[in-house]
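A short write-up of the structure that comes next.
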Amino acid sequence: MTVLPASVDRDILDHQIMHPVRTIREAFGCSIPGAIDGVSARYEVLRRERPDDFTYPHEEFGRGFHS
């Protein structure tokens, strides 16, 4: 993935999971597992680069999400 839509970062920071998965699938035509991997990878980058922008603890990421 080269350039992600800005909404992906906003959704991850807002603790949304399905929205960025859907956005990545639509933007890049990848599978659901591929999109989930993309969201997870972007989450890790955001946690490193913008930790103060998160309103939820690391342990909460993806909780209750089922693919």
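If you're wondering about the labels, chains in the structure tokens are A, B, ... by order shown, residues count from 1 in each chain, ligands from 1 in order shown.
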Need the shell around segment 24-36 of chain A: protein/DNA/RNA residues with any atom at most 9 Å away, counting only C-alpha atoms. Skip same-chain ones fewer than 4 positions apart. Format as a ChimeraX atom specification? /A:1,4-5,8,17-20,40-41,67
Take the residues just selected and output them with C-alpha atoms as a PDB file, in the first residue's frame.
ATOM      1  CA  MET A   1       0.000   0.000   0.000  1.00  0.00           C
ATOM      2  CA  LEU A   4      -3.772   5.431   2.449  1.00  0.00           C
ATOM      3  CA  PRO A   5      -6.845   7.656   2.462  1.00  0.00           C
ATOM      4  CA  VAL A   8      -8.022   5.446   7.706  1.00  0.00           C
ATOM      5  CA  ILE A  17     -12.128  -1.019  12.907  1.00  0.00           C
ATOM      6  CA  MET A  18     -14.660  -1.819  10.211  1.00  0.00           C
ATOM      7  CA  HIS A  19     -14.480   1.567   8.490  1.00  0.00           C
ATOM      8  CA  PRO A  20     -10.743   1.455   7.716  1.00  0.00           C
ATOM      9  CA  SER A  40      -3.055  -3.484  11.991  1.00  0.00           C
ATOM     10  CA  ALA A  41       0.151  -2.297  10.348  1.00  0.00           C
ATOM     11  CA  SER A  67     -13.598 -11.095  10.863  1.00  0.00           C
TER      12      SER A  67
END
As a ChimeraX atom specification, please: all residues of chain A that backbone DSSP puts in helix (DSSP H, G or I). /A:6-13,18-28,32-49,51-53,58-60
Residues within 12 Å of Asp53 of chain A, only C-alpha atoms, excluding chain neighbours under 2 positions, as a list of chain:residue names: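 Within the cut-off, the hits are A:Asp9, A:Arg10, A:Asp11, A:Ile12, A:Leu13, A:Asp14, A:His15, A:Tyr43, A:Leu46, A:Arg47, A:Arg48, A:Glu49, A:Arg50, A:Pro51, A:Thr55, A:Tyr56, A:Pro57.
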Any chance you can output those residues with all heavy atoms as a short mmCIF file (atom, residue, chain, number, x, y, z; two decimals), in the first residue's frame?
data_model
loop_
_atom_site.label_atom_id
_atom_site.label_comp_id
_atom_site.auth_asym_id
_atom_site.auth_seq_id
_atom_site.Cartn_x
_atom_site.Cartn_y
_atom_site.Cartn_z
N ASP A 9 -6.53 6.83 9.05
CA ASP A 9 -5.92 7.26 10.31
C ASP A 9 -6.97 7.79 11.27
O ASP A 9 -6.96 7.45 12.46
CB ASP A 9 -4.88 8.35 10.06
CG ASP A 9 -3.60 7.82 9.44
OD1 ASP A 9 -3.50 6.61 9.18
OD2 ASP A 9 -2.69 8.64 9.22
N ARG A 10 -7.89 8.61 10.78
CA ARG A 10 -8.95 9.15 11.66
C ARG A 10 -9.76 8.03 12.28
O ARG A 10 -10.05 8.06 13.48
CB ARG A 10 -9.86 10.09 10.87
CG ARG A 10 -9.27 11.45 10.60
CD ARG A 10 -10.33 12.44 10.09
NE ARG A 10 -11.10 11.92 8.97
CZ ARG A 10 -10.79 12.09 7.70
NH1 ARG A 10 -9.70 12.76 7.37
NH2 ARG A 10 -11.55 11.60 6.74
N ASP A 11 -10.13 7.05 11.48
CA ASP A 11 -10.94 5.95 12.00
C ASP A 11 -10.18 5.12 13.03
O ASP A 11 -10.74 4.72 14.05
CB ASP A 11 -11.43 5.06 10.86
CG ASP A 11 -12.50 5.71 10.02
OD1 ASP A 11 -13.19 6.63 10.52
OD2 ASP A 11 -12.66 5.31 8.85
N ILE A 12 -8.92 4.85 12.77
CA ILE A 12 -8.12 4.09 13.73
C ILE A 12 -8.01 4.87 15.03
O ILE A 12 -8.18 4.30 16.12
CB ILE A 12 -6.74 3.75 13.16
CG1 ILE A 12 -6.88 2.73 12.02
CG2 ILE A 12 -5.81 3.21 14.26
CD1 ILE A 12 -5.60 2.48 11.23
N LEU A 13 -7.72 6.15 14.96
CA LEU A 13 -7.62 6.96 16.17
C LEU A 13 -8.95 7.05 16.91
O LEU A 13 -8.96 7.19 18.13
CB LEU A 13 -7.11 8.36 15.82
CG LEU A 13 -5.66 8.42 15.35
CD1 LEU A 13 -5.33 9.81 14.81
CD2 LEU A 13 -4.69 8.01 16.44
N ASP A 14 -10.06 6.96 16.18
CA ASP A 14 -11.40 6.97 16.79
C ASP A 14 -11.85 5.58 17.24
O ASP A 14 -12.99 5.41 17.64
CB ASP A 14 -12.42 7.53 15.82
CG ASP A 14 -12.28 9.02 15.62
OD1 ASP A 14 -11.64 9.69 16.46
OD2 ASP A 14 -12.79 9.53 14.61
N HIS A 15 -10.95 4.61 17.17
CA HIS A 15 -11.21 3.23 17.60
C HIS A 15 -12.27 2.54 16.74
O HIS A 15 -13.06 1.73 17.21
CB HIS A 15 -11.57 3.17 19.07
CG HIS A 15 -11.37 1.81 19.67
ND1 HIS A 15 -11.92 1.45 20.87
CD2 HIS A 15 -10.69 0.72 19.24
CE1 HIS A 15 -11.59 0.20 21.15
NE2 HIS A 15 -10.84 -0.26 20.16
N TYR A 43 -2.04 0.87 12.38
CA TYR A 43 -2.23 1.09 13.81
C TYR A 43 -0.88 1.12 14.53
O TYR A 43 -0.63 2.01 15.36
CB TYR A 43 -3.12 -0.01 14.40
CG TYR A 43 -3.10 -0.05 15.90
CD1 TYR A 43 -3.94 0.77 16.63
CD2 TYR A 43 -2.25 -0.90 16.59
CE1 TYR A 43 -3.92 0.75 18.02
CE2 TYR A 43 -2.22 -0.93 17.96
CZ TYR A 43 -3.06 -0.11 18.68
OH TYR A 43 -3.02 -0.12 20.05
N LEU A 46 0.92 4.35 13.78
CA LEU A 46 0.31 5.47 14.50
C LEU A 46 0.63 5.42 15.99
O LEU A 46 0.86 6.47 16.61
CB LEU A 46 -1.21 5.48 14.28
CG LEU A 46 -1.68 5.86 12.89
CD1 LEU A 46 -3.18 5.65 12.76
CD2 LEU A 46 -1.31 7.30 12.56
N ARG A 47 0.63 4.25 16.58
CA ARG A 47 0.96 4.12 18.01
C ARG A 47 2.38 4.62 18.28
O ARG A 47 2.63 5.24 19.31
CB ARG A 47 0.84 2.66 18.47
CG ARG A 47 -0.50 2.27 18.96
CD ARG A 47 -0.79 2.89 20.31
NE ARG A 47 -2.13 2.55 20.72
CZ ARG A 47 -2.74 3.07 21.76
NH1 ARG A 47 -2.14 3.94 22.52
NH2 ARG A 47 -3.95 2.74 22.07
N ARG A 48 3.29 4.33 17.37
CA ARG A 48 4.68 4.79 17.53
C ARG A 48 4.80 6.30 17.29
O ARG A 48 5.48 6.99 18.05
CB ARG A 48 5.62 4.08 16.55
CG ARG A 48 6.15 2.77 17.00
CD ARG A 48 7.30 2.28 16.12
NE ARG A 48 7.08 2.43 14.69
CZ ARG A 48 6.45 1.56 13.91
NH1 ARG A 48 5.95 0.46 14.43
NH2 ARG A 48 6.32 1.77 12.62
N GLU A 49 4.18 6.78 16.22
CA GLU A 49 4.37 8.16 15.80
C GLU A 49 3.45 9.17 16.48
O GLU A 49 3.80 10.34 16.58
CB GLU A 49 4.19 8.27 14.28
CG GLU A 49 5.25 7.52 13.51
CD GLU A 49 5.06 7.60 12.00
OE1 GLU A 49 4.03 8.14 11.53
OE2 GLU A 49 5.94 7.10 11.29
N ARG A 50 2.28 8.73 16.92
CA ARG A 50 1.29 9.66 17.48
C ARG A 50 0.61 9.07 18.72
O ARG A 50 -0.61 9.05 18.83
CB ARG A 50 0.22 9.97 16.43
CG ARG A 50 0.78 10.62 15.18
CD ARG A 50 -0.22 10.74 14.07
NE ARG A 50 -1.42 11.46 14.47
CZ ARG A 50 -2.47 11.65 13.67
NH1 ARG A 50 -2.46 11.19 12.43
NH2 ARG A 50 -3.53 12.30 14.09
N PRO A 51 1.38 8.61 19.70
CA PRO A 51 0.77 7.93 20.85
C PRO A 51 -0.22 8.80 21.62
O PRO A 51 -1.20 8.28 22.18
CB PRO A 51 1.96 7.54 21.71
CG PRO A 51 3.04 8.49 21.32
CD PRO A 51 2.81 8.76 19.85
N THR A 55 -7.22 7.69 22.24
CA THR A 55 -8.10 7.88 23.40
C THR A 55 -8.42 6.56 24.08
O THR A 55 -9.24 6.51 24.97
CB THR A 55 -9.41 8.56 22.96
OG1 THR A 55 -10.05 7.73 21.98
CG2 THR A 55 -9.16 9.94 22.38
N TYR A 56 -7.78 5.48 23.64
CA TYR A 56 -8.01 4.17 24.22
C TYR A 56 -6.68 3.46 24.38
O TYR A 56 -5.73 3.72 23.64
CB TYR A 56 -8.97 3.35 23.35
CG TYR A 56 -8.50 3.14 21.93
CD1 TYR A 56 -7.79 2.00 21.58
CD2 TYR A 56 -8.76 4.07 20.92
CE1 TYR A 56 -7.35 1.79 20.28
CE2 TYR A 56 -8.33 3.87 19.62
CZ TYR A 56 -7.62 2.74 19.31
OH TYR A 56 -7.18 2.54 18.03
N PRO A 57 -6.58 2.54 25.35
CA PRO A 57 -5.33 1.84 25.58
C PRO A 57 -5.04 0.80 24.48
O PRO A 57 -5.96 0.33 23.80
CB PRO A 57 -5.53 1.15 26.93
CG PRO A 57 -7.00 1.07 27.11
CD PRO A 57 -7.60 2.21 26.34
#
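Separating atom CA of Ser7 of chain A from atom CA of Val45 of chain A is a distance of 15.2 Å.
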